[in-house]
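Chemist: One structure follows; several queries about it will come next.
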Amino acid sequence: METPEGLNLENLQAWFPKHIPDSEGTLVPELIAGGKSNLTFTISTQTRPNAWVLRRPPLGHVVATAHDMTREFTVMSALGGTDVPVPRAVALCTDSEIIGSPFYVMEYVPGRILRTAADMADVSPQDAREISGELIDVLARLHSIDYQAVGLGEFGRPDGFLARNVTRWGKQWTANKTAELASVDELARRLETQLPESGPAAIVHGDYRLDNTMIALTDNRVTAVLDWEMSTLGDPLTDLGLFLVYWGNEAAPEITSGQGIAEVPGFMLSDEIVSLYEQRSGRSVEHLDFYVAFAMYKLAIIVEGINARHQMGKTVGEGFDALGALVGQLIDAGLETLKP
């Protein structure tokens with residue numbers, strides 16, 4: 001069997017039984033398609049198919065503070081006893097000698113990931129509406145958790161979160177850019193001069209969207225929220241802004257094959273999403289344009305980082321060739337959203 005790139009199967013085979021209960025036997029890893037950032041693999045044995053999922057950082061250049069395996073493992077461990085559904089975190093390995101980078105292992109959660117039009121073909125309008133409401137319920141529940149009570153009091157620095165993050169993403173642009181783009185500086189300037197005052201801090205997922213959740217096989221519950229690599233403590237409306245960009249925004253370009261979800265029969269319109277979040281969370285959405293524009297800025301810089309790795313030949317999987325063109329489109333959409 002050919003070992004997927006990004007794993008050292010011999011070392012992993014020796015490590016697994018020492019740290020993962022009931023994992024004796026030959027390991028069979030398989031790359032999960034769809035991810036363009038961290039690499040995600042299912043891990044099976046002959047007696048336990050698809051029992052675990054392993055996550056590790058992407059290959060090649062990685063910006064400081066990104067792709068922190070300890071961060072993902074920590075937040076999922078903390079949320080394990082809450083009403084926010086997450087996979088059970090099983091083991092963390094910070095020794096890069098094992099597979100070439102830190103990694104963690106979590107339980108495999110069966111379910112549906114709705115990413116493409118084909119994935120949603122069998123979703124009825126009633127199902128779509130129920131899924132819409134469930135997604136916002138889960139997000140509001142996440143943002144209502146007492147992060148001190150679950151042991152995440154030191155997980156981030158909520159004070160000055162928005163200003164610090166505009167600056168941080170600007171530094172990531174400088175570190176990753178493959179071409180100069182003056183419009184990035186202009187959007188950064190507008191964000192810096194129109195910073196709203198944040199409400200109460202919360203656990204922020206950082207990349208909350210439909211295809212970062214698992215939907216149950218038998219009903220429309222969210223059984224797991226995935227991909228916590230950008231989670232922190234901060235302004236929760238940044239989650240809502242990014243969710244809306246993925247959900248469907250007239251100014252935004254097509255970002256993923258799941259873009260334009262609001263146009264699929266039954267899924268709530270964006271205005272309904274905003275109203276439901278405001279109702280369930282009790283938070284004001286007065287300055288939502290800022291959060292949507294910030295989401296476009298952040299997403300453009302993430303896309304550019306992936307594009308840079310792709311140009312260096314350091315990506316695994318398919319679907320990378322069109323990413324470069326999205327950067328300028330996203331920035332232009334942000335400028336359209338947040339007027340001077």
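Chain labels follow the order of the structure tokens: the first chain is A, the next B, and so on; residue numbering restarts at 1 in every chain, and ligands are counted from 1 in their shown order.
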Please provide the set of residues having any atom within 10 Å of A:Val75, restricted to only C-alpha atoms, with same-chain residues fewer than 5 positions apart removed, written as a ChimeraX atom specification.

Modeler: /A:70,80,86,89,147,150-152,155,203,205,228-229,231-232

Chemist: Restricted to N, CA and C atoms, what would the selected residues look like written as a compact mmCIF listing (two decimals), in the first residue's frame?

Modeler:
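The file below, result-v2.txt, is the result:
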# COMPACT_ATOMS: atom_id res chain seq x y z
N THR A 70 -1.98 21.82 18.69
CA THR A 70 -2.33 21.90 20.11
C THR A 70 -3.58 22.73 20.31
N GLY A 80 -15.81 19.12 24.75
CA GLY A 80 -16.35 17.76 24.77
C GLY A 80 -17.51 17.56 25.72
N VAL A 86 -18.67 18.15 19.05
CA VAL A 86 -17.33 18.03 18.48
C VAL A 86 -16.90 16.57 18.54
N ALA A 89 -11.67 14.19 21.19
CA ALA A 89 -10.22 14.29 21.00
C ALA A 89 -9.55 13.12 21.71
N TYR A 147 -16.34 30.53 28.60
CA TYR A 147 -15.04 29.95 28.25
C TYR A 147 -14.15 29.77 29.47
N VAL A 150 -15.03 26.29 31.06
CA VAL A 150 -14.57 25.07 30.38
C VAL A 150 -13.05 25.03 30.26
N GLY A 151 -12.37 25.95 30.96
CA GLY A 151 -10.91 25.89 31.01
C GLY A 151 -10.19 26.58 29.87
N LEU A 152 -10.87 27.50 29.19
CA LEU A 152 -10.26 28.19 28.05
C LEU A 152 -9.99 29.67 28.35
N PHE A 155 -7.07 30.97 26.41
CA PHE A 155 -7.06 30.49 25.02
C PHE A 155 -6.85 31.61 24.01
N ILE A 203 -15.90 32.21 22.59
CA ILE A 203 -15.09 31.28 21.80
C ILE A 203 -15.45 31.49 20.34
N HIS A 205 -14.89 30.22 16.48
CA HIS A 205 -14.43 29.07 15.68
C HIS A 205 -13.40 29.50 14.66
N TRP A 228 -11.01 23.30 13.72
CA TRP A 228 -10.89 24.35 14.74
C TRP A 228 -9.52 25.04 14.70
N GLU A 229 -8.81 24.98 13.60
CA GLU A 229 -7.44 25.47 13.56
C GLU A 229 -7.31 26.97 13.79
N SER A 231 -9.48 28.75 15.79
CA SER A 231 -10.29 29.10 16.95
C SER A 231 -9.50 29.94 17.95
N THR A 232 -10.23 30.77 18.69
CA THR A 232 -9.61 31.64 19.68
C THR A 232 -10.69 32.23 20.57

Chemist: Would you list, as a PyMOL selection string, the residues of stretch 57-262 of chain A that end up in helix (DSSP H, G or I) under DSSP run on this structure's backbone?

Modeler: chain A and resi 69-79+117-120+125-144+161-176+182-193+210-212+237-247+261-262

Chemist: Output as a PyMOL selection string all residues of stretch 103-334 of chain A that backbone DSSP marks as strand (DSSP E).

Modeler: chain A and resi 103-107+202-204+213-215+222-225+232-234

Chemist: Point out the residue among A:Gly234, A:Gly305, A:Glu336, A:Asp137 with the least atom-to-atom distance to A:Glu278, counting only C-alpha atoms.

Modeler: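 Counting only C-alpha atoms, the residue closest to A:Glu278 is A:Asp137.
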
Chemist: Please report as JSON lines every residue of stretch 66-179 of chain A lying within 6 Å of stretch 215-223 of chain A, along with the nearest atom pair and their distance in Å (one decimal), using only C-alpha atoms.

Modeler:
{"residue": "A:Pro85", "atom": "CA", "partner": "A:Thr223", "partner_atom": "CA", "distance": 5.6}
{"residue": "A:Gly111", "atom": "CA", "partner": "A:Ala216", "partner_atom": "CA", "distance": 4.8}
{"residue": "A:Arg112", "atom": "CA", "partner": "A:Ile215", "partner_atom": "CA", "distance": 4.9}
{"residue": "A:Ile131", "atom": "CA", "partner": "A:Asn220", "partner_atom": "CA", "distance": 5.5}

Chemist: With N, CA and C atoms retained, write the just-selected residues as a short mmCIF file (atom, residue, chain, number, x, y, z; two decimals), in the first residue's frame.

Modeler:
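Result written to again-v9.cif:
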data_model
loop_
_atom_site.label_atom_id
_atom_site.label_comp_id
_atom_site.auth_asym_id
_atom_site.auth_seq_id
_atom_site.Cartn_x
_atom_site.Cartn_y
_atom_site.Cartn_z
N PRO A 85 -21.46 20.17 19.54
CA PRO A 85 -20.98 18.84 19.16
C PRO A 85 -19.61 18.89 18.49
N GLY A 111 -21.47 10.78 9.32
CA GLY A 111 -22.38 11.86 8.98
C GLY A 111 -22.18 12.33 7.56
N ARG A 112 -22.93 13.36 7.21
CA ARG A 112 -22.86 13.94 5.87
C ARG A 112 -22.14 15.27 5.93
N ILE A 131 -31.74 22.34 8.62
CA ILE A 131 -30.28 22.42 8.71
C ILE A 131 -29.85 23.86 8.94
#

Chemist: What is the distance between atom CA of A:Asp207 and atom CA of A:Val292, in Å to one decimal?

Modeler: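 Computing it gives 12.9 Å between the two atoms.
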
Chemist: Which residues of stretch 149-233 of chain A sit at most 10 Å from stretch 12-36 of chain A, using only C-alpha atoms? Give each one's shortest atom pair and distance in Å (one decimal place), in chain and ascending residue order, as a Markdown table.

Modeler:
| residue | atom | partner | partner_atom | distance |
| --- | --- | --- | --- | --- |
| A:Asp211 | CA | A:Gly34 | CA | 9.4 |
| A:Asn212 | CA | A:Gly35 | CA | 9.8 |
| A:Asp227 | CA | A:Gly35 | CA | 9.5 |

Chemist: Please produce a file of those selected residues containing N, CA and C atoms, as a PDB file, in the first residue's frame.

Modeler:
ATOM      1  N   ASP A 211     -19.896  23.341   5.368  1.00  0.00           N
ATOM      2  CA  ASP A 211     -19.066  22.168   5.087  1.00  0.00           C
ATOM      3  C   ASP A 211     -17.938  21.969   6.084  1.00  0.00           C
ATOM      4  N   ASN A 212     -17.949  22.719   7.176  1.00  0.00           N
ATOM      5  CA  ASN A 212     -17.096  22.404   8.319  1.00  0.00           C
ATOM      6  C   ASN A 212     -17.925  21.804   9.455  1.00  0.00           C
ATOM      7  N   ASP A 227     -12.661  21.341  12.086  1.00  0.00           N
ATOM      8  CA  ASP A 227     -11.674  22.322  11.619  1.00  0.00           C
ATOM      9  C   ASP A 227     -11.573  23.545  12.538  1.00  0.00           C
TER      10      ASP A 227
END

Chemist: Please list as a ChimeraX atom specification every residue within 12 Å of A:Leu187, counting only C-alpha atoms and excluding residues in the same chain fewer than 3 positions away.

Modeler: /A:166-167,169-170,181-184,190-194,290,293-298,300-301,328,330-340

Chemist: Name all residues at most 8 Å from A:Tyr108 (count only C-alpha atoms; drop same-chain ones fewer than 3 positions away) and give them as a list in words.

Modeler: Thr42, Asn50, Ala51, Trp52, Val53 and Pro87 of chain A

Chemist: Take atom CA of A:Glu2 and atom CA of A:Thr40 and report the distance between them in Å, one decimal.

Modeler: 16.5 Å

Chemist: Do you have the atom CA of A:Val264-atom CA of A:Ser144 distance handy?

Modeler: 29.2 Å

Chemist: Compare A:Glu10, A:Glu72, A:Leu237, A:Ala202 by their minimum atom-to-atom distance to A:Asp159, counting only C-alpha atoms, and give me the closest one.

Modeler: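 Closest to A:Asp159 of all the choices is A:Ala202.
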
Chemist: With only C-alpha atoms as the counted atoms, please give the residues lying no more than 8 Å from A:Tyr208, apart from itself and same-chain residues fewer than 2 positions off, as a PyMOL selection string.

Modeler: chain A and resi 205-206+210+212+239-240+242-243

Chemist: For the residues in that selection, give me C-alpha atoms as a PDB file, in the first residue's frame.

Modeler:
ATOM      1  CA  HIS A 205     -14.431  29.068  15.679  1.00  0.00           C
ATOM      2  CA  GLY A 206     -12.705  31.137  12.997  1.00  0.00           C
ATOM      3  CA  LEU A 210     -21.830  24.421   6.409  1.00  0.00           C
ATOM      4  CA  ASN A 212     -17.096  22.404   8.319  1.00  0.00           C
ATOM      5  CA  ASP A 239     -17.815  34.000  12.828  1.00  0.00           C
ATOM      6  CA  LEU A 240     -21.157  35.294  11.575  1.00  0.00           C
ATOM      7  CA  LEU A 242     -17.494  34.674   7.495  1.00  0.00           C
ATOM      8  CA  PHE A 243     -20.472  32.314   7.655  1.00  0.00           C
TER       9      PHE A 243
END

Chemist: Applying 12 Å and only C-alpha atoms, which residues near A:Arg168 remain after dropping the ones on its own chain fewer than 3 positions away? List them as a PyMOL selection string.

Modeler: chain A and resi 63-66+160-165+171-175+188+192+297-298+301-302
